[in-house]
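To be precise, the following lines are query-v7.pdb, and they hold PDB, C-alpha atoms (C1' of nucleotides).
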```
ATOM      1  CA  MET M   1    -141.312  69.947 157.206  1.00  0.00           C
ATOM      2  CA  LEU M   2    -142.184  70.182 153.515  1.00  0.00           C
ATOM      3  CA  ASP M   3    -139.549  71.699 151.284  1.00  0.00           C
ATOM      4  CA  LEU M   4    -140.625  74.048 148.502  1.00  0.00           C
ATOM      5  CA  GLN M   5    -137.610  73.274 146.379  1.00  0.00           C
ATOM      6  CA  LYS M   6    -138.369  69.570 146.419  1.00  0.00           C
ATOM      7  CA  LEU M   7    -142.001  70.306 145.656  1.00  0.00           C
ATOM      8  CA  GLU M   8    -140.892  72.196 142.582  1.00  0.00           C
ATOM      9  CA  THR M   9    -138.852  69.221 141.459  1.00  0.00           C
ATOM     10  CA  PHE M  10    -141.867  67.051 142.102  1.00  0.00           C
ATOM     11  CA  ARG M  11    -144.042  69.286 139.983  1.00  0.00           C
ATOM     12  CA  VAL M  12    -141.714  69.141 137.013  1.00  0.00           C
ATOM     13  CA  VAL M  13    -141.491  65.374 137.259  1.00  0.00           C
ATOM     14  CA  ALA M  14    -145.259  65.158 137.444  1.00  0.00           C
ATOM     15  CA  LEU M  15    -145.569  67.264 134.293  1.00  0.00           C
ATOM     16  CA  THR M  16    -142.904  65.475 132.289  1.00  0.00           C
ATOM     17  CA  HIS M  17    -143.677  61.964 133.595  1.00  0.00           C
ATOM     18  CA  ASN M  18    -139.955  61.358 133.443  1.00  0.00           C
ATOM     19  CA  PHE M  19    -137.204  61.823 136.024  1.00  0.00           C
ATOM     20  CA  THR M  20    -134.454  62.218 133.460  1.00  0.00           C
ATOM     21  CA  ARG M  21    -136.154  64.943 131.438  1.00  0.00           C
ATOM     22  CA  ALA M  22    -137.210  66.720 134.599  1.00  0.00           C
ATOM     23  CA  ALA M  23    -133.591  66.700 135.734  1.00  0.00           C
ATOM     24  CA  ALA M  24    -132.468  68.287 132.472  1.00  0.00           C
ATOM     25  CA  GLU M  25    -135.177  70.899 132.698  1.00  0.00           C
ATOM     26  CA  LEU M  26    -134.275  71.773 136.279  1.00  0.00           C
ATOM     27  CA  GLY M  27    -130.526  71.647 135.818  1.00  0.00           C
ATOM     28  CA  TYR M  28    -130.106  68.793 138.305  1.00  0.00           C
ATOM     29  CA  SER M  29    -128.681  65.340 137.833  1.00  0.00           C
ATOM     30  CA  GLN M  30    -131.158  62.513 137.480  1.00  0.00           C
ATOM     31  CA  SER M  31    -129.852  61.155 140.746  1.00  0.00           C
ATOM     32  CA  SER M  32    -130.682  64.374 142.580  1.00  0.00           C
ATOM     33  CA  VAL M  33    -134.209  64.317 141.237  1.00  0.00           C
ATOM     34  CA  THR M  34    -134.592  60.777 142.522  1.00  0.00           C
ATOM     35  CA  GLY M  35    -133.301  62.026 145.854  1.00  0.00           C
ATOM     36  CA  HIS M  36    -135.831  64.850 145.993  1.00  0.00           C
ATOM     37  CA  ILE M  37    -138.719  62.560 145.213  1.00  0.00           C
ATOM     38  CA  GLN M  38    -137.594  59.920 147.678  1.00  0.00           C
ATOM     39  CA  ALA M  39    -137.245  62.555 150.393  1.00  0.00           C
ATOM     40  CA  LEU M  40    -140.746  63.827 149.710  1.00  0.00           C
ATOM     41  CA  GLU M  41    -142.181  60.327 149.730  1.00  0.00           C
ATOM     42  CA  ARG M  42    -140.470  59.655 153.046  1.00  0.00           C
ATOM     43  CA  GLU M  43    -141.760  62.924 154.439  1.00  0.00           C
ATOM     44  CA  LEU M  44    -145.328  62.239 153.330  1.00  0.00           C
ATOM     45  CA  GLY M  45    -145.249  58.552 154.133  1.00  0.00           C
ATOM     46  CA  ALA M  46    -146.549  57.457 150.756  1.00  0.00           C
ATOM     47  CA  PRO M  47    -145.321  56.986 147.208  1.00  0.00           C
ATOM     48  CA  LEU M  48    -146.005  59.843 144.809  1.00  0.00           C
ATOM     49  CA  PHE M  49    -145.419  57.953 141.591  1.00  0.00           C
ATOM     50  CA  GLU M  50    -145.937  54.498 140.196  1.00  0.00           C
ATOM     51  CA  ARG M  51    -142.804  53.592 138.373  1.00  0.00           C
ATOM     52  CA  TYR M  52    -142.792  51.596 135.164  1.00  0.00           C
ATOM     53  CA  ARG M  53    -146.405  50.637 135.381  1.00  0.00           C
ATOM     54  CA  PHE M  54    -147.287  52.192 132.056  1.00  0.00           C
ATOM     55  CA  SER M  55    -144.636  51.912 129.380  1.00  0.00           C
ATOM     56  CA  ARG M  56    -141.597  53.960 130.265  1.00  0.00           C
ATOM     57  CA  THR M  57    -143.247  56.835 131.993  1.00  0.00           C
ATOM     58  CA  VAL M  58    -143.991  57.539 135.569  1.00  0.00           C
ATOM     59  CA  VAL M  59    -147.525  58.305 136.709  1.00  0.00           C
ATOM     60  CA  LEU M  60    -148.913  59.947 139.800  1.00  0.00           C
ATOM     61  CA  THR M  61    -150.502  57.922 142.568  1.00  0.00           C
ATOM     62  CA  LYS M  62    -153.643  59.214 144.227  1.00  0.00           C
ATOM     63  CA  VAL M  63    -151.554  60.818 146.915  1.00  0.00           C
ATOM     64  CA  GLY M  64    -149.350  62.203 144.159  1.00  0.00           C
ATOM     65  CA  HIS M  65    -152.292  63.897 142.487  1.00  0.00           C
ATOM     66  CA  ARG M  66    -153.421  65.486 145.714  1.00  0.00           C
ATOM     67  CA  THR M  67    -149.881  66.595 146.498  1.00  0.00           C
ATOM     68  CA  LEU M  68    -149.523  68.175 143.084  1.00  0.00           C
ATOM     69  CA  GLU M  69    -152.627  70.226 143.711  1.00  0.00           C
ATOM     70  CA  TYR M  70    -151.136  71.649 146.891  1.00  0.00           C
ATOM     71  CA  ALA M  71    -147.649  71.977 145.446  1.00  0.00           C
ATOM     72  CA  ASP M  72    -149.059  74.256 142.774  1.00  0.00           C
ATOM     73  CA  ARG M  73    -150.765  76.408 145.360  1.00  0.00           C
ATOM     74  CA  LEU M  74    -147.741  76.542 147.652  1.00  0.00           C
ATOM     75  CA  LEU M  75    -145.349  77.458 144.861  1.00  0.00           C
ATOM     76  CA  ALA M  76    -147.684  80.115 143.539  1.00  0.00           C
ATOM     77  CA  LEU M  77    -147.999  81.585 147.009  1.00  0.00           C
ATOM     78  CA  ALA M  78    -144.232  81.550 147.428  1.00  0.00           C
ATOM     79  CA  GLU M  79    -143.942  83.479 144.193  1.00  0.00           C
ATOM     80  CA  GLU M  80    -146.585  85.947 145.392  1.00  0.00           C
ATOM     81  CA  THR M  81    -144.512  86.395 148.501  1.00  0.00           C
ATOM     82  CA  ARG M  82    -141.492  87.397 146.468  1.00  0.00           C
ATOM     83  CA  VAL M  83    -143.510  89.891 144.486  1.00  0.00           C
ATOM     84  CA  ALA M  84    -145.111  91.369 147.582  1.00  0.00           C
ATOM     85  CA  VAL M  85    -141.740  91.747 149.255  1.00  0.00           C
ATOM     86  CA  GLU M  86    -140.256  93.426 146.200  1.00  0.00           C
ATOM     87  CA  ARG M  87    -143.126  95.861 146.164  1.00  0.00           C
ATOM     88  CA  GLU M  88    -142.660  96.575 149.851  1.00  0.00           C
ATOM     89  CA  LYS M  89    -138.997  97.291 149.251  1.00  0.00           C
ATOM     90  CA  GLU M  90    -139.730 100.067 146.770  1.00  0.00           C
ATOM     91  CA  PRO M  91    -139.496 103.635 148.035  1.00  0.00           C
ATOM     92  CA  VAL M  92    -142.873 104.692 149.384  1.00  0.00           C
ATOM     93  CA  GLY M  93    -143.446 107.494 146.880  1.00  0.00           C
ATOM     94  CA  LEU M  94    -143.184 105.181 143.910  1.00  0.00           C
ATOM     95  CA  VAL M  95    -145.776 102.662 145.004  1.00  0.00           C
TER      96      VAL M  95
ATOM     97  CA  MET F   1    -136.047  79.509 147.137  1.00  0.00           C
ATOM     98  CA  LEU F   2    -137.960  80.271 150.320  1.00  0.00           C
ATOM     99  CA  ASP F   3    -137.689  77.696 153.081  1.00  0.00           C
ATOM    100  CA  LEU F   4    -140.763  76.870 155.124  1.00  0.00           C
ATOM    101  CA  GLN F   5    -138.760  75.819 158.140  1.00  0.00           C
ATOM    102  CA  LYS F   6    -136.984  79.162 158.273  1.00  0.00           C
ATOM    103  CA  LEU F   7    -140.286  80.939 157.801  1.00  0.00           C
ATOM    104  CA  GLU F   8    -141.593  79.117 160.849  1.00  0.00           C
ATOM    105  CA  THR F   9    -138.601  80.288 162.847  1.00  0.00           C
ATOM    106  CA  PHE F  10    -139.239  83.774 161.551  1.00  0.00           C
ATOM    107  CA  ARG F  11    -142.838  83.626 162.667  1.00  0.00           C
ATOM    108  CA  VAL F  12    -141.966  82.624 166.203  1.00  0.00           C
ATOM    109  CA  VAL F  13    -139.376  85.381 166.434  1.00  0.00           C
ATOM    110  CA  ALA F  14    -141.923  87.867 165.133  1.00  0.00           C
ATOM    111  CA  LEU F  15    -144.392  86.787 167.798  1.00  0.00           C
ATOM    112  CA  THR F  16    -141.977  86.744 170.708  1.00  0.00           C
ATOM    113  CA  HIS F  17    -139.953  89.791 169.610  1.00  0.00           C
ATOM    114  CA  ASN F  18    -136.950  87.966 170.942  1.00  0.00           C
ATOM    115  CA  PHE F  19    -134.456  85.607 169.276  1.00  0.00           C
ATOM    116  CA  THR F  20    -133.487  83.905 172.524  1.00  0.00           C
ATOM    117  CA  ARG F  21    -137.019  83.076 173.626  1.00  0.00           C
ATOM    118  CA  ALA F  22    -137.940  81.984 170.111  1.00  0.00           C
ATOM    119  CA  ALA F  23    -134.958  79.633 170.157  1.00  0.00           C
ATOM    120  CA  ALA F  24    -136.127  78.073 173.420  1.00  0.00           C
ATOM    121  CA  GLU F  25    -139.642  77.692 172.103  1.00  0.00           C
ATOM    122  CA  LEU F  26    -138.446  76.046 168.897  1.00  0.00           C
ATOM    123  CA  GLY F  27    -135.784  73.881 170.492  1.00  0.00           C
ATOM    124  CA  TYR F  28    -132.971  75.565 168.582  1.00  0.00           C
ATOM    125  CA  SER F  29    -129.931  77.408 169.797  1.00  0.00           C
ATOM    126  CA  GLN F  30    -130.044  81.208 169.673  1.00  0.00           C
ATOM    127  CA  SER F  31    -127.290  81.080 167.125  1.00  0.00           C
ATOM    128  CA  SER F  32    -129.323  78.875 164.795  1.00  0.00           C
ATOM    129  CA  VAL F  33    -132.253  81.237 165.009  1.00  0.00           C
ATOM    130  CA  THR F  34    -129.958  84.095 164.036  1.00  0.00           C
ATOM    131  CA  GLY F  35    -128.783  81.941 161.147  1.00  0.00           C
ATOM    132  CA  HIS F  36    -132.319  81.288 159.943  1.00  0.00           C
ATOM    133  CA  ILE F  37    -133.218  84.953 160.043  1.00  0.00           C
ATOM    134  CA  GLN F  38    -130.024  86.021 158.324  1.00  0.00           C
ATOM    135  CA  ALA F  39    -130.592  83.457 155.592  1.00  0.00           C
ATOM    136  CA  LEU F  40    -134.123  84.720 155.029  1.00  0.00           C
ATOM    137  CA  GLU F  41    -132.965  88.323 154.952  1.00  0.00           C
ATOM    138  CA  ARG F  42    -130.316  87.420 152.413  1.00  0.00           C
ATOM    139  CA  GLU F  43    -132.868  85.517 150.348  1.00  0.00           C
ATOM    140  CA  LEU F  44    -135.344  88.393 150.373  1.00  0.00           C
ATOM    141  CA  GLY F  45    -132.741  91.106 150.047  1.00  0.00           C
ATOM    142  CA  ALA F  46    -134.023  93.149 152.962  1.00  0.00           C
ATOM    143  CA  PRO F  47    -133.919  93.142 156.748  1.00  0.00           C
ATOM    144  CA  LEU F  48    -136.917  91.625 158.494  1.00  0.00           C
ATOM    145  CA  PHE F  49    -136.296  93.093 161.929  1.00  0.00           C
ATOM    146  CA  GLU F  50    -134.955  96.268 163.449  1.00  0.00           C
ATOM    147  CA  ARG F  51    -132.692  95.221 166.243  1.00  0.00           C
ATOM    148  CA  TYR F  52    -132.404  97.131 169.493  1.00  0.00           C
ATOM    149  CA  ARG F  53    -134.372 100.088 168.291  1.00  0.00           C
ATOM    150  CA  PHE F  54    -137.007  99.800 170.986  1.00  0.00           C
ATOM    151  CA  SER F  55    -135.760  98.680 174.365  1.00  0.00           C
ATOM    152  CA  ARG F  56    -134.511  95.121 174.226  1.00  0.00           C
ATOM    153  CA  THR F  57    -136.950  93.715 171.782  1.00  0.00           C
ATOM    154  CA  VAL F  58    -136.835  93.206 168.106  1.00  0.00           C
ATOM    155  CA  VAL F  59    -139.516  94.682 165.862  1.00  0.00           C
ATOM    156  CA  LEU F  60    -140.612  93.928 162.336  1.00  0.00           C
ATOM    157  CA  THR F  61    -139.642  96.159 159.452  1.00  0.00           C
ATOM    158  CA  LYS F  62    -142.209  96.939 156.785  1.00  0.00           C
ATOM    159  CA  VAL F  63    -140.891  94.082 154.701  1.00  0.00           C
ATOM    160  CA  GLY F  64    -141.011  91.947 157.840  1.00  0.00           C
ATOM    161  CA  HIS F  65    -144.689  92.658 158.344  1.00  0.00           C
ATOM    162  CA  ARG F  66    -145.522  91.756 154.777  1.00  0.00           C
ATOM    163  CA  THR F  67    -143.407  88.618 154.996  1.00  0.00           C
ATOM    164  CA  LEU F  68    -145.177  87.541 158.176  1.00  0.00           C
ATOM    165  CA  GLU F  69    -148.495  87.804 156.419  1.00  0.00           C
ATOM    166  CA  TYR F  70    -147.342  85.426 153.700  1.00  0.00           C
ATOM    167  CA  ALA F  71    -145.467  83.164 156.093  1.00  0.00           C
ATOM    168  CA  ASP F  72    -148.718  82.574 157.961  1.00  0.00           C
ATOM    169  CA  ARG F  73    -150.503  81.683 154.755  1.00  0.00           C
ATOM    170  CA  LEU F  74    -147.716  79.449 153.491  1.00  0.00           C
ATOM    171  CA  LEU F  75    -147.408  77.554 156.750  1.00  0.00           C
ATOM    172  CA  ALA F  76    -151.149  77.105 157.005  1.00  0.00           C
ATOM    173  CA  LEU F  77    -151.231  75.770 153.467  1.00  0.00           C
ATOM    174  CA  ALA F  78    -148.371  73.407 154.218  1.00  0.00           C
ATOM    175  CA  GLU F  79    -150.343  72.086 157.154  1.00  0.00           C
ATOM    176  CA  GLU F  80    -153.415  71.691 154.945  1.00  0.00           C
ATOM    177  CA  THR F  81    -151.265  69.713 152.566  1.00  0.00           C
ATOM    178  CA  ARG F  82    -150.343  67.266 155.281  1.00  0.00           C
ATOM    179  CA  VAL F  83    -153.944  66.802 156.269  1.00  0.00           C
ATOM    180  CA  ALA F  84    -155.070  66.331 152.684  1.00  0.00           C
ATOM    181  CA  VAL F  85    -152.373  63.757 152.087  1.00  0.00           C
ATOM    182  CA  GLU F  86    -153.287  61.853 155.237  1.00  0.00           C
ATOM    183  CA  ARG F  87    -156.871  61.763 154.110  1.00  0.00           C
ATOM    184  CA  GLU F  88    -155.858  60.528 150.690  1.00  0.00           C
ATOM    185  CA  LYS F  89    -153.852  57.756 152.289  1.00  0.00           C
ATOM    186  CA  GLU F  90    -156.872  56.333 154.090  1.00  0.00           C
ATOM    187  CA  PRO F  91    -158.559  53.292 152.535  1.00  0.00           C
ATOM    188  CA  VAL F  92    -161.223  54.462 150.133  1.00  0.00           C
ATOM    189  CA  GLY F  93    -164.173  52.962 151.971  1.00  0.00           C
ATOM    190  CA  LEU F  94    -163.428  54.913 155.124  1.00  0.00           C
ATOM    191  CA  VAL F  95    -163.360  58.360 153.604  1.00  0.00           C
TER     192      VAL F  95
ATOM    193  C1'  DT E   1    -123.704  96.346 183.644  1.00  0.00           C
ATOM    194  C1'  DA E   2    -126.855  93.257 181.808  1.00  0.00           C
ATOM    195  C1'  DA E   3    -129.529  91.217 178.298  1.00  0.00           C
ATOM    196  C1'  DA E   4    -129.668  90.026 173.800  1.00  0.00           C
ATOM    197  C1'  DA E   5    -127.939  89.436 169.010  1.00  0.00           C
ATOM    198  C1'  DA E   6    -123.899  88.523 166.167  1.00  0.00           C
ATOM    199  C1'  DT E   7    -119.818  86.052 165.230  1.00  0.00           C
ATOM    200  C1'  DA E   8    -116.068  82.480 165.254  1.00  0.00           C
ATOM    201  C1'  DC E   9    -115.331  77.930 165.321  1.00  0.00           C
ATOM    202  C1'  DT E  10    -116.185  73.057 164.977  1.00  0.00           C
ATOM    203  C1'  DC E  11    -118.589  68.964 163.676  1.00  0.00           C
ATOM    204  C1'  DC E  12    -121.678  66.313 161.163  1.00  0.00           C
ATOM    205  C1'  DA E  13    -125.509  65.537 158.027  1.00  0.00           C
ATOM    206  C1'  DT E  14    -127.228  66.292 153.892  1.00  0.00           C
ATOM    207  C1'  DA E  15    -127.375  67.789 149.037  1.00  0.00           C
ATOM    208  C1'  DG E  16    -125.478  67.241 144.780  1.00  0.00           C
ATOM    209  C1'  DG E  17    -122.595  65.068 141.426  1.00  0.00           C
ATOM    210  C1'  DT E  18    -120.559  60.899 138.604  1.00  0.00           C
ATOM    211  C1'  DA E  19    -120.515  56.287 137.665  1.00  0.00           C
ATOM    212  C1'  DT E  20    -122.753  52.008 137.967  1.00  0.00           C
ATOM    213  C1'  DT E  21    -126.394  48.732 138.610  1.00  0.00           C
ATOM    214  C1'  DT E  22    -131.046  47.255 138.468  1.00  0.00           C
ATOM    215  C1'  DT E  23    -135.467  47.116 136.407  1.00  0.00           C
ATOM    216  C1'  DA E  24    -139.085  46.568 133.032  1.00  0.00           C
ATOM    217  C1'  DT E  25    -140.240  46.447 128.329  1.00  0.00           C
TER     218       DT E  25
ATOM    219  C1'  DA R   1    -131.178  45.735 124.033  1.00  0.00           C
ATOM    220  C1'  DT R   2    -132.610  49.948 125.665  1.00  0.00           C
ATOM    221  C1'  DA R   3    -134.313  53.566 128.280  1.00  0.00           C
ATOM    222  C1'  DA R   4    -135.061  54.985 132.693  1.00  0.00           C
ATOM    223  C1'  DA R   5    -134.873  54.870 137.816  1.00  0.00           C
ATOM    224  C1'  DA R   6    -132.251  53.384 141.834  1.00  0.00           C
ATOM    225  C1'  DT R   7    -128.068  52.932 144.222  1.00  0.00           C
ATOM    226  C1'  DA R   8    -123.120  53.403 145.707  1.00  0.00           C
ATOM    227  C1'  DC R   9    -119.844  56.372 146.477  1.00  0.00           C
ATOM    228  C1'  DC R  10    -117.481  60.832 147.082  1.00  0.00           C
ATOM    229  C1'  DT R  11    -117.129  65.768 148.028  1.00  0.00           C
ATOM    230  C1'  DA R  12    -118.411  70.052 149.538  1.00  0.00           C
ATOM    231  C1'  DT R  13    -121.651  73.019 151.475  1.00  0.00           C
ATOM    232  C1'  DG R  14    -124.657  74.275 155.089  1.00  0.00           C
ATOM    233  C1'  DG R  15    -126.983  73.530 159.404  1.00  0.00           C
ATOM    234  C1'  DA R  16    -126.623  73.081 164.217  1.00  0.00           C
ATOM    235  C1'  DG R  17    -124.219  73.512 168.373  1.00  0.00           C
ATOM    236  C1'  DT R  18    -120.933  75.874 172.071  1.00  0.00           C
ATOM    237  C1'  DA R  19    -118.342  79.548 173.412  1.00  0.00           C
ATOM    238  C1'  DT R  20    -117.245  84.250 172.837  1.00  0.00           C
ATOM    239  C1'  DT R  21    -117.682  88.947 171.476  1.00  0.00           C
ATOM    240  C1'  DT R  22    -120.259  92.991 170.332  1.00  0.00           C
ATOM    241  C1'  DT R  23    -123.932  96.043 170.979  1.00  0.00           C
ATOM    242  C1'  DT R  24    -126.917  99.400 173.273  1.00  0.00           C
ATOM    243  C1'  DA R  25    -130.237 100.500 176.557  1.00  0.00           C
TER     244       DA R  25
END
```
Rendering of file as structure tokens:
Amino acid sequence: MLDLQKLETFRVVALTHNFTRAAAELGYSQSSVTGHIQALERELGAPLFERYRFSRTVVLTKVGHRTLEYADRLLALAEETRVAVEREKEPVGLV
Amino acid sequence: MLDLQKLETFRVVALTHNFTRAAAELGYSQSSVTGHIQALERELGAPLFERYRFSRTVVLTKVGHRTLEYADRLLALAEETRVAVEREKEPVGLV
DNA sequence: TAAAAATACTCCATAGGTATTTTAT
DNA sequence: ATAAAATACCTATGGAGTATTTTTA
């Protein structure tokens, strides 16, 4: 099953093109970021990034691009969920 | 962060109105199902079910209903993701 | 009293970290 | 030589199970 937390890591890596900077941004170690990406790639059965191919940055594969598209949607929907739940928790009269 | 696997457990419990039957259906122990639901309730900061209130079944709270709505959408989108990735993995000529 | 959820407990797998190695430029 | 990702290793937390207790209809 896909893991939203790992998808978030993936998204930050995709935006920064760099595991190390993504780790700093997320507050993880670089090694944990590698772990997240490897787990996702195993889960999806395909690499998400091409390493080293262009200078010292990491670029998305085709599958990576498609995954990013869905990761954005999933994470946005997860955030919507939070908001909706918070609203539902408010006392009825104040909605 | 929300966990899709636990949301799936939640959905089955919501449909069966019964932790024990949901556990059987999912191939988990009843205790694990309780754990999933408790973790979600902790994460969301509100109970998802009212226990025991009506006969021997479990019914959704208001927050539970709203969460189910989003759980359905999230899980459907996760499934879409899988399909999209599989399609992207196919050799170009065959798409 | 019975059916179902919660809890106590145990065990193991996994997540995360640090330190090191490998890789490509 | 350097910057970055992968790996080895360790620890601790959490997930899953079994057995038991609690709950309430």
Using all atoms of stretch 16-30 of chain F that appear in the file, construct an axis-aligned enclosing box with 4 Å of padding on every side and provide its centre coordinates and edge lengths in Å, rounded to one decimal, as AutoDock Vina command-line options.
```
--center_x -136.0 --center_y 81.8 --center_z 171.1 --size_x 20.0 --size_y 23.9 --size_z 13.0
```
For this session: Tell me the residues of chain M close to chain R, meaning within 12 Å using only C-alpha atoms (C1' of nucleotides), as a PyMOL selection string.
Result: chain M and resi 17-21+30-35+37-38+49-52+55-58
For this session: For the file shown, report as an NGL selection string the outcome of the PyMOL selection byres ((chain F and resi 71-87) around 9) at residue level.
Result: (:M and (1-2 or 44-46 or 63-64 or 66-67 or 69-71 or 73-74 or 77-78 or 81)) or (:F and (4-5 or 7-8 or 10-11 or 66-70 or 88-91 or 95))
So that each row is one residue of chain E with an atom at most 12 Å from chain M, can you give its shortest atom pair and the distance in Å to one decimal, using all atoms listed in the file, rows by chain and rising number, as CSV?
```
residue,atom,partner,partner_atom,distance
E:DT14,C1',M:Gly35,CA,10.9
E:DA15,C1',M:Ser32,CA,8.0
E:DG16,C1',M:Ser32,CA,6.3
E:DG17,C1',M:Ser29,CA,7.1
E:DT18,C1',M:Ser29,CA,9.3
E:DA19,C1',M:Ser31,CA,11.0
E:DT20,C1',M:Ser31,CA,11.9
E:DT23,C1',M:Tyr52,CA,8.7
E:DA24,C1',M:Tyr52,CA,6.6
E:DT25,C1',M:Ser55,CA,7.1
```
For this session: Go through M:Leu40, M:Thr61, M:Pro47, M:Asp3 and flag the residue nearest chain F, using all atoms listed in the file for the distances.
Result: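 Closest residue, counting all atoms listed in the file: M:Asp3.
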Seminar exercise, completed: Using all atoms listed in the file, the residue out of F:Leu15, F:Val59, F:Glu41, F:Ala24 with shortest distance to chain M is F:Glu41
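The spacing separating atom C1' of E:DT10 from atom CA of F:Leu48 amounts to 28.6 Å.
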For this session: Between F:Val13, F:Glu25, F:His65, F:Leu60, single out the one closest to chain M, counting all atoms listed in the file.
Result: F:His65
Exercise. At what distance in Å, to one decimal, does atom CA of F:Ala14 lie from atom C1' of E:DA4?
Worked result: 15.2 Å
Exercise. Mind pulling up the distance from atom CA of M:Leu26 to atom CA of M:Lys62?
Worked result: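 Calculated distance between atom CA of M:Lys62 and atom CA of M:Leu26 is 24.4 Å.
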